[in-house]
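> This is data.cif (mmCIF, C-alpha atoms and all ligand atoms).
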```cif
data_coords
loop_
_atom_site.label_atom_id
_atom_site.label_comp_id
_atom_site.auth_asym_id
_atom_site.auth_seq_id
_atom_site.Cartn_x
_atom_site.Cartn_y
_atom_site.Cartn_z
CA MET A 1 18.40 13.14 35.54
CA THR A 2 22.08 12.26 35.36
CA PRO A 3 23.93 12.11 32.06
CA GLY A 4 23.82 8.62 30.57
CA ALA A 5 20.94 7.52 32.82
CA PRO A 6 18.93 4.76 31.14
CA GLU A 7 15.91 6.98 30.58
CA ALA A 8 17.91 9.42 28.42
CA THR A 9 16.72 9.49 24.81
CA ASN A 10 17.77 11.60 21.86
CA THR A 11 14.62 13.66 22.28
CA SER A 12 14.96 14.15 26.03
CA LEU A 13 18.62 15.14 25.72
CA TYR A 14 17.83 17.49 22.85
CA GLN A 15 15.13 19.15 24.92
CA ARG A 16 17.53 19.63 27.84
CA ALA A 17 20.25 20.80 25.48
CA THR A 18 18.08 23.47 23.87
CA GLY A 19 17.38 24.85 27.36
CA VAL A 20 21.03 25.57 28.08
CA MET A 21 22.73 25.71 24.67
CA PRO A 22 21.57 27.76 21.66
CA GLY A 23 19.98 25.26 19.30
CA GLY A 24 21.06 22.51 21.67
CA VAL A 25 24.48 22.23 20.03
CA SER A 26 28.07 23.43 20.14
CA SER A 27 28.26 23.89 16.35
CA PRO A 28 25.22 24.77 14.18
CA VAL A 29 25.16 21.95 11.59
CA ARG A 30 24.74 19.39 14.38
CA ALA A 31 21.23 20.71 15.14
CA PHE A 32 19.82 18.98 12.00
CA GLY A 33 18.31 22.25 10.79
CA ALA A 34 19.12 21.39 7.19
CA VAL A 35 17.67 17.87 7.33
CA GLY A 36 14.93 18.13 9.95
CA GLY A 37 14.28 15.92 12.95
CA THR A 38 16.15 15.47 16.17
CA PRO A 39 19.92 14.96 16.25
CA TYR A 40 21.20 11.69 17.65
CA PHE A 41 23.30 12.04 20.78
CA VAL A 42 26.45 9.97 20.56
CA VAL A 43 27.60 7.97 23.55
CA ARG A 44 30.48 6.15 21.95
CA ALA A 45 32.15 5.33 18.67
CA GLU A 46 34.48 2.68 17.38
CA GLY A 47 35.94 2.22 13.93
CA ALA A 48 33.32 3.02 11.29
CA SER A 49 30.43 3.15 13.77
CA VAL A 50 28.86 5.48 16.30
CA TRP A 51 26.20 4.52 18.86
CA ASP A 52 23.56 6.90 20.09
CA VAL A 53 22.15 7.23 23.58
CA GLU A 54 19.28 4.87 22.66
CA GLY A 55 21.70 2.12 21.67
CA ARG A 56 21.21 2.56 17.93
CA ARG A 57 24.27 2.03 15.78
CA TYR A 58 25.13 4.11 12.71
CA LEU A 59 27.70 3.47 10.06
CA ASP A 60 29.37 6.86 10.26
CA TYR A 61 30.51 8.90 7.26
CA VAL A 62 30.77 12.11 9.29
CA GLN A 63 33.89 10.95 11.13
CA SER A 64 34.05 14.30 12.91
CA TYR A 65 33.98 16.05 9.52
CA GLY A 66 37.22 14.39 8.59
CA ALA A 67 39.09 14.68 11.86
CA SER A 68 39.03 10.94 12.26
CA ILE A 69 40.72 9.37 9.23
CA LEU A 70 41.57 6.05 10.94
CA GLY A 71 38.02 5.59 12.17
CA HIS A 72 36.90 6.20 15.74
CA ALA A 73 38.81 5.16 18.84
CA HIS A 74 41.74 3.66 16.97
CA PRO A 75 43.63 1.67 19.62
CA ARG A 76 46.98 3.38 18.95
CA VAL A 77 45.42 6.84 19.18
CA VAL A 78 43.51 5.95 22.33
CA GLU A 79 46.66 4.58 23.93
CA ALA A 80 48.73 7.63 22.95
CA VAL A 81 46.15 10.01 24.41
CA ARG A 82 45.74 7.93 27.56
CA ALA A 83 49.50 7.86 28.12
CA ALA A 84 49.83 11.59 27.43
CA ALA A 85 46.99 12.45 29.82
CA GLY A 86 48.76 10.58 32.58
CA ARG A 87 51.75 12.88 32.14
CA GLY A 88 49.63 16.04 32.46
CA THR A 89 47.17 17.69 30.12
CA SER A 90 48.80 21.08 29.46
CA TYR A 91 51.94 22.83 30.68
CA GLY A 92 52.30 26.21 29.02
CA ALA A 93 55.86 25.20 28.14
CA PRO A 94 57.38 23.64 25.03
CA THR A 95 57.30 19.86 24.63
CA GLU A 96 59.01 17.20 22.55
CA GLY A 97 55.63 16.20 21.10
CA GLU A 98 55.35 19.57 19.33
CA VAL A 99 58.82 19.18 17.83
CA LEU A 100 58.05 15.66 16.64
CA LEU A 101 54.73 16.66 15.13
CA ALA A 102 56.14 19.78 13.43
CA GLU A 103 58.98 17.70 11.99
CA GLU A 104 56.53 15.08 10.78
CA LEU A 105 54.28 17.64 9.07
CA CYS A 106 57.26 19.31 7.34
CA ARG A 107 58.70 15.96 6.32
CA ARG A 108 55.52 14.96 4.50
CA VAL A 109 54.59 18.21 2.76
CA GLU A 110 57.09 19.42 0.19
CA GLY A 111 57.91 23.08 0.68
CA LEU A 112 56.54 23.25 4.21
CA GLU A 113 59.50 24.39 6.32
CA MET A 114 58.01 25.68 9.56
CA VAL A 115 54.67 25.44 11.32
CA ARG A 116 52.89 27.12 14.20
CA LEU A 117 50.55 24.80 16.09
CA VAL A 118 47.13 26.15 17.06
CA SER A 119 43.91 24.61 18.36
CA SER A 120 41.53 24.72 15.38
CA GLY A 121 41.27 25.22 11.65
CA THR A 122 39.61 28.56 12.26
CA GLU A 123 42.66 29.76 14.16
CA ALA A 124 44.99 28.42 11.48
CA ALA A 125 43.25 30.31 8.66
CA MET A 126 42.75 33.47 10.69
CA SER A 127 46.40 33.52 11.72
CA ALA A 128 47.63 32.73 8.20
CA VAL A 129 45.75 35.81 6.97
CA ARG A 130 47.31 37.97 9.66
CA LEU A 131 50.73 36.62 8.80
CA ALA A 132 50.16 37.24 5.08
CA ARG A 133 49.11 40.82 5.77
CA GLY A 134 52.01 41.37 8.14
CA ALA A 135 54.55 39.89 5.75
CA THR A 136 53.33 41.76 2.64
CA GLY A 137 52.22 45.00 4.26
CA ARG A 138 49.00 44.70 2.20
CA THR A 139 45.40 44.56 3.36
CA ARG A 140 43.19 42.80 0.80
CA ILE A 141 42.48 39.12 0.72
CA VAL A 142 40.75 37.13 -1.99
CA LYS A 143 38.62 34.10 -1.15
CA PHE A 144 36.23 31.99 -3.18
CA ALA A 145 32.47 31.71 -2.75
CA GLY A 146 31.57 28.42 -1.07
CA CYS A 147 35.02 27.91 0.44
CA TYR A 148 34.97 27.72 4.21
CA HIS A 149 37.95 28.89 6.22
CA GLY A 150 36.51 28.78 9.71
CA HIS A 151 34.39 31.42 11.39
CA SER A 152 36.72 34.38 11.83
CA ASP A 153 35.10 37.67 10.78
CA ALA A 154 37.12 38.41 7.66
CA LEU A 155 36.72 34.90 6.25
CA LEU A 156 33.00 34.25 6.79
CA ALA A 157 31.95 36.10 3.62
CA ALA A 158 30.25 33.61 1.28
CA GLY A 159 31.42 30.69 3.40
CA GLY A 160 30.20 27.18 2.65
CA SER A 161 29.57 24.38 5.18
CA GLY A 162 27.35 25.23 8.14
CA VAL A 163 27.01 28.83 6.99
CA ALA A 164 25.52 27.53 3.77
CA ASP A 165 23.46 24.84 5.52
CA ALA A 166 21.88 27.54 7.65
CA GLY A 167 21.08 29.56 4.53
CA LEU A 168 23.21 32.48 5.71
CA ALA A 169 25.43 34.24 3.19
CA ASP A 170 27.45 35.72 6.01
CA SER A 171 26.73 36.30 9.65
CA ALA A 172 25.16 38.93 11.81
CA GLY A 173 27.74 40.53 14.04
CA VAL A 174 30.37 40.82 11.33
CA THR A 175 30.88 44.52 10.68
CA PRO A 176 31.26 45.93 7.18
CA GLY A 177 34.72 47.04 8.23
CA ALA A 178 35.74 43.47 9.09
CA VAL A 179 34.99 42.26 5.57
CA ALA A 180 35.85 45.46 3.69
CA ASP A 181 39.17 43.97 2.59
CA THR A 182 37.77 40.54 1.67
CA VAL A 183 37.12 40.04 -2.03
CA VAL A 184 34.96 37.05 -2.96
CA ALA A 185 35.65 35.36 -6.30
CA ARG A 186 34.07 32.46 -8.15
CA TYR A 187 35.62 29.06 -7.47
CA GLY A 188 37.30 27.54 -10.48
CA GLN A 189 38.09 30.84 -12.21
CA VAL A 190 41.39 32.66 -11.68
CA PRO A 191 40.46 36.15 -10.46
CA GLU A 192 42.23 39.43 -11.04
CA VAL A 193 44.85 39.73 -8.31
CA GLY A 194 45.90 43.34 -7.77
CA ASP A 195 49.06 44.54 -6.07
CA ASP A 196 47.03 45.43 -2.98
CA VAL A 197 46.26 41.75 -2.35
CA ALA A 198 48.09 40.18 0.60
CA ALA A 199 46.80 36.69 0.02
CA VAL A 200 44.57 34.51 -2.09
CA LEU A 201 42.99 31.82 0.10
CA VAL A 202 41.56 28.70 -1.43
CA GLU A 203 40.44 25.22 -0.54
CA PRO A 204 42.45 23.41 -3.24
CA VAL A 205 39.61 20.88 -3.33
CA ALA A 206 36.47 22.62 -2.15
CA ALA A 207 34.89 20.36 0.47
CA ASN A 208 32.45 22.71 2.17
CA MET A 209 30.01 23.30 -0.71
CA GLY A 210 29.58 19.62 -1.19
CA LEU A 211 32.69 18.41 -2.97
CA VAL A 212 33.88 20.52 -5.89
CA THR A 213 37.17 19.57 -7.50
CA PRO A 214 39.44 22.23 -9.00
CA PRO A 215 39.23 22.46 -12.78
CA GLU A 216 42.38 21.73 -14.75
CA GLY A 217 44.82 24.62 -14.46
CA PHE A 218 42.93 26.50 -11.72
CA LEU A 219 45.46 26.01 -8.93
CA ALA A 220 48.44 26.60 -11.21
CA GLY A 221 46.66 29.71 -12.52
CA LEU A 222 46.28 31.01 -8.97
CA ARG A 223 49.98 30.38 -8.38
CA GLN A 224 50.86 32.44 -11.46
CA ALA A 225 48.43 35.26 -10.62
CA CYS A 226 49.86 35.49 -7.08
CA ASP A 227 53.43 35.49 -8.37
CA ARG A 228 52.65 38.28 -10.82
CA ALA A 229 51.03 40.40 -8.11
CA GLY A 230 53.50 39.57 -5.35
CA SER A 231 50.63 38.10 -3.33
CA LEU A 232 50.80 35.02 -1.17
CA LEU A 233 48.90 31.89 -2.11
CA VAL A 234 47.35 30.18 0.90
CA PHE A 235 46.05 26.63 0.61
CA ASP A 236 43.48 25.87 3.28
CA GLU A 237 44.19 22.17 3.61
CA VAL A 238 42.25 21.71 6.83
CA ILE A 239 40.30 18.93 5.08
CA THR A 240 42.66 17.90 2.27
CA GLY A 241 45.88 17.92 4.29
CA PHE A 242 47.21 14.43 5.06
CA ARG A 243 44.01 13.03 3.51
CA LEU A 244 44.52 13.37 -0.24
CA GLY A 245 47.90 11.76 0.32
CA PRO A 246 50.95 12.43 2.51
CA GLY A 247 51.53 15.78 0.79
CA GLY A 248 47.85 16.75 0.76
CA ALA A 249 46.50 18.76 -2.16
CA SER A 250 49.76 20.58 -2.87
CA GLY A 251 51.50 17.24 -3.25
CA ARG A 252 48.71 15.77 -5.32
CA PHE A 253 48.29 18.67 -7.73
CA GLY A 254 51.93 19.73 -7.80
CA VAL A 255 51.19 23.37 -6.97
CA ARG A 256 53.04 24.81 -4.00
CA PRO A 257 51.39 27.58 -1.98
CA ASP A 258 53.28 30.08 0.19
CA LEU A 259 51.28 29.16 3.28
CA TRP A 260 49.25 26.12 4.33
CA CYS A 261 46.47 25.72 6.88
CA PHE A 262 45.90 22.36 8.53
CA GLY A 263 43.45 20.92 11.04
CA LYS A 264 41.13 17.93 11.29
CA VAL A 265 43.33 14.89 10.39
CA ILE A 266 46.43 16.19 12.20
CA GLY A 267 44.70 16.22 15.59
CA GLY A 268 43.21 12.74 15.40
CA GLY A 269 39.97 14.09 16.88
CA LEU A 270 41.59 16.39 19.41
CA PRO A 271 41.62 20.18 19.06
CA LEU A 272 44.66 20.86 16.89
CA GLY A 273 45.40 22.98 13.86
CA ALA A 274 48.53 24.34 12.27
CA PHE A 275 49.62 26.86 9.71
CA GLY A 276 52.99 27.01 8.09
CA GLY A 277 55.10 27.69 5.07
CA ARG A 278 58.49 28.89 4.03
CA ARG A 279 61.01 29.78 6.72
CA ASP A 280 61.34 33.41 5.58
CA LEU A 281 57.57 33.93 5.83
CA MET A 282 57.18 32.16 9.16
CA ALA A 283 59.98 34.36 10.54
CA HIS A 284 57.49 37.25 10.57
CA LEU A 285 55.68 35.48 13.40
CA ALA A 286 56.25 36.39 17.06
CA PRO A 287 58.60 35.84 18.83
CA LEU A 288 60.86 36.09 15.74
CA GLY A 289 58.91 38.87 14.06
CA PRO A 290 56.18 41.47 14.57
CA VAL A 291 53.07 39.38 13.70
CA TYR A 292 51.51 38.35 17.00
CA GLN A 293 49.86 34.97 17.49
CA ALA A 294 49.55 32.89 20.66
CA GLY A 295 47.51 30.28 22.52
CA THR A 296 47.29 28.90 26.05
CA LEU A 297 46.51 25.40 24.78
CA SER A 298 48.48 25.62 21.51
CA GLY A 299 50.56 22.52 20.91
CA ASN A 300 48.58 20.71 23.57
CA PRO A 301 50.34 17.46 24.58
CA LEU A 302 47.24 15.26 24.18
CA ALA A 303 46.59 16.69 20.73
CA THR A 304 50.16 16.29 19.53
CA ALA A 305 50.24 12.73 20.86
CA ALA A 306 47.04 11.91 18.97
CA GLY A 307 48.31 13.59 15.82
CA LEU A 308 51.57 11.69 15.89
CA ALA A 309 49.76 8.40 16.44
CA VAL A 310 47.50 9.09 13.45
CA LEU A 311 50.31 10.11 11.12
CA ALA A 312 52.26 7.00 12.08
CA GLU A 313 49.45 4.91 10.55
CA LEU A 314 49.27 6.94 7.34
CA ASP A 315 51.74 5.30 5.00
CA ALA A 316 51.44 4.82 1.24
CA GLY A 317 49.51 1.57 1.74
CA ALA A 318 46.96 3.28 3.95
CA TYR A 319 46.33 6.03 1.42
CA ALA A 320 46.01 3.52 -1.41
CA MET A 321 43.50 1.49 0.62
CA LEU A 322 41.49 4.56 1.61
CA GLU A 323 41.31 5.79 -1.95
CA GLY A 324 40.35 2.35 -3.23
CA ARG A 325 37.47 2.18 -0.76
CA ALA A 326 36.35 5.69 -1.69
CA CYS A 327 36.36 4.71 -5.38
CA GLU A 328 34.19 1.67 -4.65
CA LEU A 329 31.82 3.70 -2.53
CA ALA A 330 31.55 6.44 -5.16
CA SER A 331 30.65 4.02 -7.94
CA ALA A 332 28.23 2.10 -5.74
CA LEU A 333 26.40 5.27 -4.68
CA ALA A 334 26.22 6.61 -8.22
CA GLU A 335 24.92 3.26 -9.45
CA VAL A 336 22.26 2.51 -6.85
CA ILE A 337 20.94 6.07 -6.67
CA GLY A 338 20.88 6.32 -10.46
CA ASP A 339 19.10 2.94 -10.69
CA ALA A 340 16.37 4.31 -8.45
CA GLY A 341 15.73 6.94 -11.09
CA LEU A 342 17.28 9.92 -9.31
CA ALA A 343 19.75 12.27 -10.98
CA VAL A 344 22.97 12.06 -9.01
CA GLN A 345 26.56 13.28 -9.03
CA VAL A 346 29.17 11.67 -6.80
CA PRO A 347 32.26 13.83 -7.23
CA ARG A 348 35.47 12.40 -5.81
CA ALA A 349 38.96 13.71 -5.05
CA GLY A 350 41.19 10.93 -3.80
CA PRO A 351 39.45 9.54 -0.71
CA LEU A 352 36.96 12.43 -0.44
CA LEU A 353 33.43 12.15 -1.82
CA GLY A 354 30.53 14.48 -2.40
CA LEU A 355 26.87 13.87 -3.20
CA PHE A 356 24.63 16.09 -5.29
CA PHE A 357 21.18 15.14 -6.51
CA SER A 358 21.79 16.86 -9.81
CA SER A 359 21.92 15.85 -13.45
CA THR A 360 24.94 18.05 -14.15
CA PRO A 361 28.31 18.27 -12.40
CA VAL A 362 28.65 21.05 -9.83
CA GLN A 363 31.51 23.46 -10.45
CA ASP A 364 30.98 26.39 -8.10
CA TYR A 365 28.90 27.70 -5.23
CA ASP A 366 26.06 29.03 -7.39
CA GLU A 367 25.69 25.61 -8.98
CA ALA A 368 25.94 23.94 -5.57
CA GLN A 369 23.07 26.08 -4.32
CA VAL A 370 20.96 25.20 -7.36
CA ALA A 371 21.81 21.50 -6.97
CA THR A 372 20.86 21.40 -3.29
CA ALA A 373 17.63 23.40 -3.68
CA ASN A 374 15.47 20.36 -4.57
CA GLY A 375 15.52 19.03 -1.00
CA GLN A 376 16.46 15.52 -2.08
CA TYR A 377 19.55 15.43 0.10
CA ARG A 378 17.35 16.02 3.12
CA ARG A 379 15.01 13.15 2.24
CA PHE A 380 17.87 10.84 1.28
CA PHE A 381 19.74 11.67 4.49
CA ARG A 382 16.69 10.77 6.59
CA ALA A 383 15.90 7.60 4.67
CA LEU A 384 19.53 6.53 5.01
CA LEU A 385 19.71 7.38 8.70
CA ASP A 386 16.60 5.24 9.27
CA ARG A 387 18.64 2.39 7.78
CA GLY A 388 21.58 2.96 10.10
CA VAL A 389 23.90 4.93 7.85
CA ALA A 390 24.88 8.46 8.86
CA LEU A 391 25.89 11.10 6.36
CA ALA A 392 26.54 14.65 7.53
CA PRO A 393 23.28 16.46 8.37
CA GLY A 394 23.68 19.05 5.62
CA PRO A 395 23.97 18.99 1.82
CA TYR A 396 27.16 21.07 1.75
CA GLU A 397 29.35 18.63 3.68
CA ALA A 398 31.66 16.02 2.22
CA ILE A 399 31.43 12.27 2.79
CA PHE A 400 34.34 10.92 4.79
CA PRO A 401 35.07 7.21 4.45
CA SER A 402 37.76 6.24 6.96
CA LEU A 403 40.33 3.48 7.04
CA ALA A 404 37.97 1.59 9.34
CA HIS A 405 35.26 1.29 6.66
CA ASP A 406 35.71 -2.23 5.34
CA ARG A 407 34.16 -4.03 2.37
CA ASP A 408 31.17 -5.20 4.44
CA ASP A 409 30.52 -1.64 5.55
CA LEU A 410 30.60 -0.45 1.95
CA GLU A 411 28.17 -3.20 0.91
CA ARG A 412 25.83 -2.33 3.76
CA THR A 413 26.04 1.30 2.70
CA ALA A 414 25.24 0.47 -0.92
CA ASP A 415 22.23 -1.65 0.11
CA ALA A 416 20.92 1.04 2.44
CA ALA A 417 21.53 3.73 -0.19
CA ALA A 418 19.62 1.70 -2.79
CA ALA A 419 16.61 1.35 -0.50
CA ALA A 420 16.82 4.99 0.62
CA ALA A 421 17.03 6.22 -2.97
CA ARG A 422 13.98 4.12 -3.92
CA GLU A 423 12.09 5.66 -1.02
CA VAL A 424 13.04 9.19 -2.14
CA ALA A 425 12.14 8.39 -5.76
CA THR A 426 8.73 7.05 -4.67
CA HIS A 427 8.12 10.25 -2.77
CA GLU A 428 9.11 12.29 -5.84
CA GLY A 429 6.62 10.33 -7.94
CA ALA A 430 3.82 10.68 -5.39
CA PRO A 431 1.10 13.23 -6.06
CA GLY A 432 1.60 16.55 -4.24
C1 LIG B 1 36.70 22.64 9.13
C2 LIG B 1 37.40 23.66 8.31
C3 LIG B 1 37.95 24.83 8.85
C4 LIG B 1 37.71 25.22 10.28
O1 LIG B 1 38.27 24.33 11.17
P1 LIG B 1 37.70 24.30 12.69
O2 LIG B 1 38.62 23.34 13.36
O3 LIG B 1 36.29 23.85 12.58
O4 LIG B 1 37.82 25.67 13.23
C5 LIG B 1 38.69 25.65 8.04
N1 LIG B 1 38.90 25.35 6.75
C6 LIG B 1 38.39 24.25 6.18
C7 LIG B 1 38.68 23.97 4.76
C8 LIG B 1 37.60 23.38 6.94
O5 LIG B 1 37.05 22.31 6.35
#
```
Kindly return the structure encoded in the file as structure tokens.

Amino acid sequence: MTPGAPEATNTSLYQRATGVMPGGVSSPVRAFGAVGGTPYFVVRAEGASVWDVEGRRYLDYVQSYGASILGHAHPRVVEAVRAAAGRGTSYGAPTEGEVLLAEELCRRVEGLEMVRLVSSGTEAAMSAVRLARGATGRTRIVKFAGCYHGHSDALLAAGGSGVADAGLADSAGVTPGAVADTVVARYGQVPEVGDDVAAVLVEPVAANMGLVTPPEGFLAGLRQACDRAGSLLVFDEVITGFRLGPGGASGRFGVRPDLWCFGKVIGGGLPLGAFGGRRDLMAHLAPLGPVYQAGTLSGNPLATAAGLAVLAELDAGAYAMLEGRACELASALAEVIGDAGLAVQVPRAGPLLGLFFSSTPVQDYDEAQVATANGQYRRFFRALLDRGVALAPGPYEAIFPSLAHDRDDLERTADAAAAAAREVATHEGAPG
């Protein structure tokens, strides 16, 4: 069978995939383990929609877990990547695209003076930790339960997202030594920060345990605790960066970290991440300083071209529109799901949404685990997917409306959500 042959179905591809790829996927959450059933295999996407190999269309709120803020296959992004590819896909030499993108990132985020481009959010967070340790000469790092910072050894402890979806607290293969210097604290509470702490890492809006917004004073409290201890505050803005607004979470909440991690939005769907911060801190990085960090494909010309094309579309009007749509979607979901008789929380931070089938707001990872234990997300996800609307296949992921989701799409979503919620509620009421 050749790829894309007419006889290919989701099931047949999944069967072939599981023969040659663990779980049939390149990243665990995609295997549908948390929601059951067979994943759909995407053949193409445009705007708010993706199409699977069987020709079925889904209104897509995954949007590559936030990498695609303009919607899929935005013409300007496609054209930028096409043009860049024609000039060569990677050189192993510096390019103007990197300079332009670095300048653009620093221009938008107040306090961000220098960046190092990498190829993923994982790399950005992992390298930021190394830099923080190298710059402070300290070993410990503090992270928060339910915050996900990619899959590097030291940062997997109590990670959210796919780690949580899979029901794993951590991961096999991570040695006690690798996490010995990682302290896990409760999200929303300012922890003790000792003078052995190199860095406190946080998702300023937690978007990998569902969506959990920071309580009033939390981020400012972390800033103060870090200042007192001489520790570095690292905002992992891989999701929030260039999504909550041009200045991301630091701009929105008015708290400035020492280091930032970026990913997702800035690559426009191509592999690109970045970490950065003040000039004096970034000067510890090789070749200026002793902290080593490198990458064959870092600053890849296709990725920088895509990133620049995306950022060019993200002006104040775009952010206002995106947030307006997210507001509408949040109220519609809360209303129709509530009307069906299900307890629901639809937390929102700017254009980011979450969904918990819970009667009380979710404030940390423990509460997120309690809220997701009833299995309603799984049933709602499936009922919604049957109606052509795709949420992420796990209860710990955020909902990502894009700029391509128009009013009609939101109405379709609300209608489908109403019917899906009624189906779930009927099931809840059924005997057994
Ligand atoms: C997605 C994500 C990462 C990891 O990025 P990858 O590109 O998947 O390696 C890190 N931090 C946060 C907050 C994320 O959401």
> Restrict the calculation to all atoms listed in the file, then for each residue of chain A with any atom at most 6 Å from an atom of ligand LIG 1 (chain B) give the closest atom pair and their distance in Å to one decimal, rows by chain and rising residue number, as a Markdown table.

```
| residue | atom | partner | partner_atom | distance |
| --- | --- | --- | --- | --- |
| A:Ser120 | CA | B:LIG1 | O2 | 3.8 |
| A:Gly121 | CA | B:LIG1 | O1 | 3.2 |
| A:Thr122 | CA | B:LIG1 | O4 | 3.5 |
| A:Tyr148 | CA | B:LIG1 | N1 | 5.2 |
| A:His149 | CA | B:LIG1 | N1 | 3.7 |
| A:Gly150 | CA | B:LIG1 | C4 | 3.8 |
| A:Glu203 | CA | B:LIG1 | C7 | 5.7 |
| A:Asp236 | CA | B:LIG1 | C7 | 5.4 |
| A:Glu237 | CA | B:LIG1 | C7 | 5.9 |
| A:Val238 | CA | B:LIG1 | C6 | 4.7 |
| A:Ile239 | CA | B:LIG1 | O5 | 4.9 |
| A:Gly263 | CA | B:LIG1 | O2 | 5.9 |
```
> Go through A:Gly268, A:Gly134, A:Gly177, A:Gly33 one by one, measure the shortest atom-to-atom distance of each to A:Pro75 using only C-alpha atoms, and give the residue with the smallest value.
A:Gly268
> Using only C-alpha atoms, which protein or nucleic acid residues come within 7 Å of stretch 242-255 of chain A? Drop anything in the same chain fewer than 6 positions from it, and give the result as a PyMOL selection string.
chain A and resi 108-110+204+219-220+265+319+350-351
> Which residue gives the smallest distance to A:Gly289 among A:Gly36, A:Leu100, A:His427, A:Leu131, with all atoms listed in the file counted?
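Using all atoms listed in the file, the shortest distance to A:Gly289 belongs to A:Leu131.
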> Which is closer to A:Arg325 than all the others in A:Gln369, A:Asp408, A:Arg279, A:Gly299, using all atoms listed in the file?
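Checking each of A:Gln369, A:Asp408, A:Arg279, A:Gly299 against A:Arg325, counting all atoms listed in the file, the winner is A:Asp408.
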> Find the distance between atom CA of A:Ala326 and atom CA of A:Arg378 and write it in Å to one decimal.
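If I compute the distance from atom CA of A:Ala326 to atom CA of A:Arg378, I get 22.2 Å.
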> Find the distance between atom CA of A:Ala334 and atom CA of A:Pro395 and write it in Å to one decimal.
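Computing the Euclidean distance for atom CA of A:Ala334 and atom CA of A:Pro395 yields 16.1 Å.
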> Between A:Ala80, A:Ala343, A:Leu384, A:Ala125, which has the minimum distance to A:Arg412 (counting all atoms listed in the file)?
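Going through A:Ala80, A:Ala343, A:Leu384, A:Ala125 one by one, the smallest distance to A:Arg412 is for A:Leu384.
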> If you measure from atom CA of A:Val234 to atom CA of A:Leu311, what distance in Å do you get, rounded to one decimal?
22.7 Å
> Pick from A:Glu123, A:Val35, A:Ala67, A:Gln293: nearest to A:Arg379, with all atoms listed in the file counted?
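Result for the nearest residue to A:Arg379: A:Val35.
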> Name the residues in contact with A:Arg87 at a cut-off of 9 Å, using only C-alpha atoms, excluding same-chain residues fewer than 3 positions from it; report them as JSON, numbers by chain.
{"A": [83, 84, 301]}
